[in-house]
>>> print(open('query_36.pdb').read())   # PDB, C-alpha atoms, pLDDT in the B column
ATOM      1  CA  MET A1167       8.682   9.381  60.235  1.00 55.00           C
ATOM      2  CA  LYS A1168      11.801   7.434  59.486  1.00 57.00           C
ATOM      3  CA  LYS A1169      10.163   4.234  60.761  1.00 59.00           C
ATOM      4  CA  ILE A1170       7.171   4.697  58.450  1.00 58.00           C
ATOM      5  CA  TYR A1171       9.502   5.146  55.507  1.00 56.00           C
ATOM      6  CA  ASN A1172      11.436   1.977  56.457  1.00 59.00           C
ATOM      7  CA  ILE A1173       8.201  -0.015  56.829  1.00 60.00           C
ATOM      8  CA  ARG A1174       6.953   1.137  53.411  1.00 60.00           C
ATOM      9  CA  LYS A1175      10.331   0.360  51.911  1.00 60.00           C
ATOM     10  CA  SER A1176      10.377  -3.173  53.371  1.00 62.00           C
ATOM     11  CA  ILE A1177       6.798  -3.841  52.181  1.00 66.00           C
ATOM     12  CA  SER A1178       7.605  -2.730  48.635  1.00 69.00           C
ATOM     13  CA  MET A1179      10.802  -4.828  48.685  1.00 68.00           C
ATOM     14  CA  LYS A1180       8.759  -7.874  49.747  1.00 72.00           C
ATOM     15  CA  LYS A1181       6.296  -7.275  46.897  1.00 75.00           C
ATOM     16  CA  ALA A1182       9.125  -6.928  44.404  1.00 69.00           C
ATOM     17  CA  LEU A1183      10.748 -10.131  45.700  1.00 69.00           C
ATOM     18  CA  VAL A1184       7.466 -12.061  45.436  1.00 72.00           C
ATOM     19  CA  PHE A1185       6.919 -10.695  41.922  1.00 71.00           C
ATOM     20  CA  LEU A1186      10.420 -11.684  40.790  1.00 71.00           C
ATOM     21  CA  CYS A1187      10.088 -15.170  42.314  1.00 69.00           C
ATOM     22  CA  SER A1188       6.749 -15.764  40.595  1.00 72.00           C
ATOM     23  CA  ILE A1189       8.138 -14.593  37.216  1.00 75.00           C
ATOM     24  CA  THR A1190      11.153 -16.903  37.665  1.00 74.00           C
ATOM     25  CA  MET A1191       8.925 -19.894  38.490  1.00 70.00           C
ATOM     26  CA  LEU A1192       6.682 -19.145  35.525  1.00 71.00           C
ATOM     27  CA  CYS A1193       9.703 -19.092  33.193  1.00 66.00           C
ATOM     28  CA  CYS A1194      10.988 -22.366  34.646  1.00 62.00           C
ATOM     29  CA  PHE A1195       7.642 -24.117  34.111  1.00 63.00           C
ATOM     30  CA  ALA A1196       7.355 -22.794  30.570  1.00 65.00           C
ATOM     31  CA  ALA A1197      10.881 -23.915  29.668  1.00 62.00           C
ATOM     32  CA  CYS A1198      10.524 -27.367  31.220  1.00 55.00           C
ATOM     33  CA  GLY A1199       7.133 -28.112  29.727  1.00 50.00           C
ATOM     34  CA  GLY A1200       7.210 -30.942  27.230  1.00 49.00           C
ATOM     35  CA  ASN A1201       4.732 -32.891  25.192  1.00 47.00           C
ATOM     36  CA  ASP A1202       4.848 -36.658  25.666  1.00 43.00           C
ATOM     37  CA  GLU A1203       3.292 -37.146  22.216  1.00 41.00           C
ATOM     38  CA  GLU A1204       6.390 -35.707  20.498  1.00 41.00           C
ATOM     39  CA  GLU A1205       8.596 -38.345  22.082  1.00 39.00           C
ATOM     40  CA  ASP A1206       6.216 -41.115  21.004  1.00 40.00           C
ATOM     41  CA  ASN A1207       6.092 -39.873  17.375  1.00 42.00           C
ATOM     42  CA  GLY A1208       9.655 -40.807  16.568  1.00 42.00           C
ATOM     43  CA  GLY A1209      11.627 -38.735  19.047  1.00 44.00           C
ATOM     44  CA  GLY A1210      12.124 -35.895  16.586  1.00 45.00           C
ATOM     45  CA  SER A1211      14.851 -33.293  16.694  1.00 47.00           C
ATOM     46  CA  GLY A1212      12.459 -30.609  17.884  1.00 53.00           C
ATOM     47  CA  SER A1213       8.885 -29.569  18.287  1.00 62.00           C
ATOM     48  CA  ASN A1214       8.764 -27.767  14.929  1.00 83.00           C
ATOM     49  CA  PRO A1215       9.501 -29.823  11.807  1.00 88.00           C
ATOM     50  CA  LYS A1216      11.683 -28.041   9.249  1.00 91.00           C
ATOM     51  CA  THR A1217      11.085 -27.852   5.504  1.00 93.00           C
ATOM     52  CA  SER A1218      14.075 -27.618   3.173  1.00 92.00           C
ATOM     53  CA  SER A1219      14.514 -27.475  -0.607  1.00 94.00           C
ATOM     54  CA  MET A1220      16.923 -29.273  -2.928  1.00 93.00           C
ATOM     55  CA  SER A1221      17.301 -29.871  -6.640  1.00 94.00           C
ATOM     56  CA  ALA A1222      18.706 -32.655  -8.811  1.00 93.00           C
ATOM     57  CA  THR A1223      19.217 -33.104 -12.549  1.00 92.00           C
ATOM     58  CA  ILE A1224      18.836 -36.350 -14.521  1.00 92.00           C
ATOM     59  CA  ASP A1225      20.020 -36.993 -18.072  1.00 92.00           C
ATOM     60  CA  ALA A1226      17.501 -37.452 -20.898  1.00 90.00           C
ATOM     61  CA  GLU A1227      17.959 -41.238 -21.041  1.00 90.00           C
ATOM     62  CA  GLY A1228      16.806 -41.561 -17.431  1.00 83.00           C
ATOM     63  CA  SER A1229      19.715 -43.585 -16.054  1.00 87.00           C
ATOM     64  CA  PRO A1230      19.480 -44.147 -12.277  1.00 92.00           C
ATOM     65  CA  THR A1231      20.931 -41.313 -10.215  1.00 92.00           C
ATOM     66  CA  GLN A1232      21.669 -41.411  -6.496  1.00 93.00           C
ATOM     67  CA  VAL A1233      20.984 -38.218  -4.548  1.00 93.00           C
ATOM     68  CA  THR A1234      22.140 -37.554  -0.984  1.00 93.00           C
ATOM     69  CA  VAL A1235      19.408 -35.738   0.936  1.00 93.00           C
ATOM     70  CA  THR A1236      21.742 -33.435   2.868  1.00 91.00           C
ATOM     71  CA  PRO A1237      19.125 -31.507   4.904  1.00 91.00           C
ATOM     72  CA  LEU A1238      18.162 -34.747   6.703  1.00 91.00           C
ATOM     73  CA  ASP A1239      20.251 -36.681   9.218  1.00 91.00           C
ATOM     74  CA  CYS A1240      17.776 -39.475   9.949  1.00 93.00           C
ATOM     75  CA  PRO A1241      16.093 -42.350   8.080  1.00 94.00           C
ATOM     76  CA  ILE A1242      13.415 -41.543   5.489  1.00 94.00           C
ATOM     77  CA  THR A1243       9.849 -42.569   6.281  1.00 94.00           C
ATOM     78  CA  SER A1244       8.259 -41.610   2.936  1.00 93.00           C
ATOM     79  CA  ALA A1245       9.106 -40.273  -0.517  1.00 93.00           C
ATOM     80  CA  THR A1246       6.197 -39.094  -2.680  1.00 93.00           C
ATOM     81  CA  VAL A1247       6.544 -38.232  -6.394  1.00 94.00           C
ATOM     82  CA  GLN A1248       4.154 -35.931  -8.272  1.00 92.00           C
ATOM     83  CA  ASP A1249       4.603 -37.383 -11.790  1.00 91.00           C
ATOM     84  CA  ASN A1250       4.651 -40.992 -12.938  1.00 91.00           C
ATOM     85  CA  TRP A1251       7.704 -40.667 -15.206  1.00 93.00           C
ATOM     86  CA  LEU A1252       9.951 -40.716 -12.129  1.00 93.00           C
ATOM     87  CA  THR A1253      10.379 -43.404  -9.478  1.00 93.00           C
ATOM     88  CA  VAL A1254      12.143 -42.956  -6.146  1.00 94.00           C
ATOM     89  CA  GLU A1255      13.783 -45.762  -4.189  1.00 94.00           C
ATOM     90  CA  VAL A1256      14.910 -45.089  -0.616  1.00 94.00           C
ATOM     91  CA  MET A1257      18.331 -46.637  -0.069  1.00 92.00           C
ATOM     92  CA  THR A1258      19.276 -48.400   3.177  1.00 92.00           C
ATOM     93  CA  TYR A1259      20.154 -45.877   5.878  1.00 90.00           C
ATOM     94  CA  THR A1260      23.353 -46.377   7.847  1.00 87.00           C
ATOM     95  CA  SER A1261      24.292 -42.951   9.218  1.00 88.00           C
ATOM     96  CA  GLY A1262      24.615 -39.325   8.209  1.00 90.00           C
ATOM     97  CA  ALA A1263      22.461 -38.035   5.367  1.00 92.00           C
ATOM     98  CA  PRO A1264      20.108 -40.553   3.702  1.00 94.00           C
ATOM     99  CA  VAL A1265      20.298 -41.426  -0.010  1.00 93.00           C
ATOM    100  CA  VAL A1266      17.526 -41.907  -2.587  1.00 94.00           C
ATOM    101  CA  LYS A1267      17.814 -43.412  -6.066  1.00 94.00           C
ATOM    102  CA  LEU A1268      15.935 -41.565  -8.822  1.00 93.00           C
ATOM    103  CA  THR A1269      15.036 -43.433 -12.013  1.00 92.00           C
ATOM    104  CA  ALA A1270      13.185 -41.724 -14.851  1.00 92.00           C
ATOM    105  CA  THR A1271      11.775 -42.928 -18.126  1.00 92.00           C
ATOM    106  CA  SER A1272      13.615 -41.505 -21.122  1.00 92.00           C
ATOM    107  CA  ASN A1273      12.488 -38.033 -22.140  1.00 90.00           C
ATOM    108  CA  PRO A1274      11.421 -38.137 -25.816  1.00 88.00           C
ATOM    109  CA  LYS A1275      10.975 -34.363 -26.056  1.00 90.00           C
ATOM    110  CA  THR A1276      13.773 -31.870 -26.571  1.00 90.00           C
ATOM    111  CA  SER A1277      12.477 -29.683 -23.756  1.00 92.00           C
ATOM    112  CA  GLU A1278      13.334 -30.472 -20.154  1.00 93.00           C
ATOM    113  CA  ARG A1279      10.698 -31.573 -17.678  1.00 93.00           C
ATOM    114  CA  LYS A1280      10.413 -31.075 -13.923  1.00 94.00           C
ATOM    115  CA  THR A1281       8.648 -32.735 -11.024  1.00 94.00           C
ATOM    116  CA  LYS A1282       8.634 -32.509  -7.234  1.00 95.00           C
ATOM    117  CA  VAL A1283       9.491 -35.225  -4.715  1.00 94.00           C
ATOM    118  CA  ILE A1284       8.468 -34.744  -1.092  1.00 95.00           C
ATOM    119  CA  ILE A1285      10.750 -36.612   1.308  1.00 94.00           C
ATOM    120  CA  VAL A1286       9.871 -36.954   5.004  1.00 94.00           C
ATOM    121  CA  GLY A1287      12.309 -38.175   7.658  1.00 93.00           C
ATOM    122  CA  THR A1288      11.636 -39.855  10.996  1.00 92.00           C
ATOM    123  CA  SER A1289      12.210 -36.447  12.612  1.00 91.00           C
ATOM    124  CA  GLN A1290       9.167 -35.196  10.616  1.00 93.00           C
ATOM    125  CA  ASP A1291      11.467 -32.796   8.739  1.00 93.00           C
ATOM    126  CA  LYS A1292      10.527 -32.439   5.052  1.00 94.00           C
ATOM    127  CA  VAL A1293      12.636 -31.920   1.960  1.00 94.00           C
ATOM    128  CA  ASN A1294      11.095 -30.633  -1.279  1.00 95.00           C
ATOM    129  CA  LEU A1295      13.295 -32.100  -4.012  1.00 94.00           C
ATOM    130  CA  THR A1296      12.882 -30.552  -7.477  1.00 95.00           C
ATOM    131  CA  VAL A1297      13.982 -33.049 -10.142  1.00 94.00           C
ATOM    132  CA  THR A1298      14.793 -31.745 -13.627  1.00 94.00           C
ATOM    133  CA  GLN A1299      15.260 -34.147 -16.529  1.00 92.00           C
ATOM    134  CA  LYS A1300      17.153 -32.854 -19.526  1.00 92.00           C
ATOM    135  CA  GLY A1301      15.522 -32.948 -22.949  1.00 90.00           C
ATOM    136  CA  ALA A1302      16.559 -35.325 -25.704  1.00 87.00           C
ATOM    137  CA  SER A1303      19.213 -34.109 -28.131  1.00 84.00           C
ATOM    138  CA  PRO A1304      17.649 -32.874 -31.361  1.00 79.00           C
ATOM    139  CA  THR A1305      18.446 -34.975 -34.418  1.00 71.00           C
ATOM    140  CA  PRO A1306      20.774 -33.051 -36.686  1.00 65.00           C
ATOM    141  CA  THR A1307      19.316 -32.076 -40.023  1.00 64.00           C
ATOM    142  CA  PRO A1308      21.600 -31.457 -43.005  1.00 59.00           C
ATOM    143  CA  SER A1309      21.965 -27.864 -43.943  1.00 60.00           C
ATOM    144  CA  GLU A1310      20.964 -26.614 -47.381  1.00 56.00           C
ATOM    145  CA  GLU A1311      24.567 -26.601 -48.540  1.00 58.00           C
ATOM    146  CA  GLU A1312      25.234 -30.121 -47.328  1.00 60.00           C
ATOM    147  CA  THR A1313      23.699 -32.702 -49.662  1.00 59.00           C
ATOM    148  CA  ILE A1314      24.307 -36.415 -50.045  1.00 57.00           C
ATOM    149  CA  GLU A1315      26.572 -35.822 -53.030  1.00 59.00           C
ATOM    150  CA  GLN A1316      28.799 -33.554 -50.978  1.00 62.00           C
ATOM    151  CA  THR A1317      29.084 -35.950 -48.051  1.00 57.00           C
ATOM    152  CA  HIS A1318      30.162 -38.785 -50.404  1.00 62.00           C
ATOM    153  CA  ASN A1319      32.411 -36.635 -52.539  1.00 65.00           C
ATOM    154  CA  THR A1320      35.721 -37.708 -51.002  1.00 69.00           C
ATOM    155  CA  VAL A1321      38.901 -38.534 -52.880  1.00 73.00           C
ATOM    156  CA  THR A1322      40.343 -42.019 -52.404  1.00 71.00           C
ATOM    157  CA  ASP A1323      42.888 -44.266 -54.045  1.00 75.00           C
ATOM    158  CA  GLN A1324      40.535 -47.279 -53.942  1.00 69.00           C
ATOM    159  CA  PRO A1325      38.260 -48.290 -56.799  1.00 67.00           C
ATOM    160  CA  ALA A1326      34.591 -47.501 -56.354  1.00 68.00           C
ATOM    161  CA  TYR A1327      33.285 -51.058 -56.347  1.00 67.00           C
ATOM    162  CA  ALA A1328      36.181 -53.340 -55.548  1.00 58.00           C
ATOM    163  CA  ARG A1329      35.405 -56.988 -55.041  1.00 68.00           C
ATOM    164  CA  THR A1330      36.343 -58.318 -51.634  1.00 70.00           C
ATOM    165  CA  ARG A1331      38.646 -61.335 -51.644  1.00 66.00           C
TER     166      ARG A1331
END
>>> encode(input="query_36.pdb", output="structure tokens")
Amino acid sequence: MKKIYNIRKSISMKKALVFLCSITMLCCFAACGGNDEEEDNGGGSGSNPKTSSMSATIDAEGSPTQVTVTPLDCPITSATVQDNWLTVEVMTYTSGAPVVKLTATSNPKTSERKTKVIIVGTSQDKVNLTVTQKGASPTPTPSEEETIEQTHNTVTDQPAYARTR
């Protein structure tokens, strides 16, 4: 009876060993599997491109503003703007995070305006950049108490209409 028990035990151990070896090989093949197309498409940082968000603010006059795209660490392949009041220029990439130059037309309204810029790097990672342009300063209007007579009603020691010499 002891021999039968030992034979059954050795058979079940062999089955367990075969099962464990096949699971280990399956895991190795799954981990080592790669897609040659990913390497040909720019040698990205991974198989899943990431999408990040950023924001930038521009003054109402629309003077050029440089923005460092911190979520990326590779050159930019494209930068697409939703609205035509903003232009994006991709600056020359040297290393680190890339830089874009944003130039907007002046904002004639007092309310701010927003647009989106989609930036894609060579790693296929995307950055959604929300650009906000401030509104123009409202022109001051004189209050009811402040009239032209009051603004010119200053005391001076000079004659009103002195001839220049």
>>> resolve_selection(input="query_36.pdb", expression="the PyMOL selection byres ((chain A and resi 1266-1274) around 8)", output="ChimeraX atom specification")
/A:1224,1226-1235,1251-1257,1264-1265,1275-1276,1278,1299-1302
>>> resolve_selection(input="query_36.pdb", expression="the PyMOL selection byres ((chain A and resi 1240) around 9)", output="PyMOL selection string")
chain A and resi 1238-1239+1241-1242+1259+1261-1264+1287-1289
>>> atom_distance(input="query_36.pdb", atom1="atom CA of Arg1279 of chain A", atom2="atom CA of Ser1219 of chain A")
18.0 Å
>>> atom_distance(input="query_36.pdb", atom1="atom CA of Ile1285 of chain A", atom2="atom CA of Ala1245 of chain A")
4.4 Å
>>> atom_distance(input="query_36.pdb", atom1="atom CA of Pro1237 of chain A", atom2="atom CA of Ser1218 of chain A")
6.6 Å
>>> resolve_selection(input="query_36.pdb", expression="the PyMOL selection byres ((chain A and resi 1215) around 6)", output="ChimeraX atom specification")
/A:1214,1216,1290-1291
>>> closest_residue(input="query_36.pdb", among="A:Thr1236, A:Ile1189, A:Ser1221, A:Val1321", to="Thr1296 of chain A", atoms="only C-alpha atoms")
A:Ser1221
>>> residues_near_point(input="query_36.pdb", point="(13.9, -35.4, -3.1)", cutoff="6 Å", atoms="only C-alpha atoms", output="number ranges by chain")
A: 1283-1285, 1294-1295
>>> axis_aligned_box(input="query_36.pdb", around="segment 1283-1301 of chain A", padding_each_side="4 Å", output="lines of an AutoDock Vina configuration file")
center_x = 12.8
center_y = -35.2
center_z = -5.2
size_x = 16.7
size_y = 17.3
size_z = 43.6
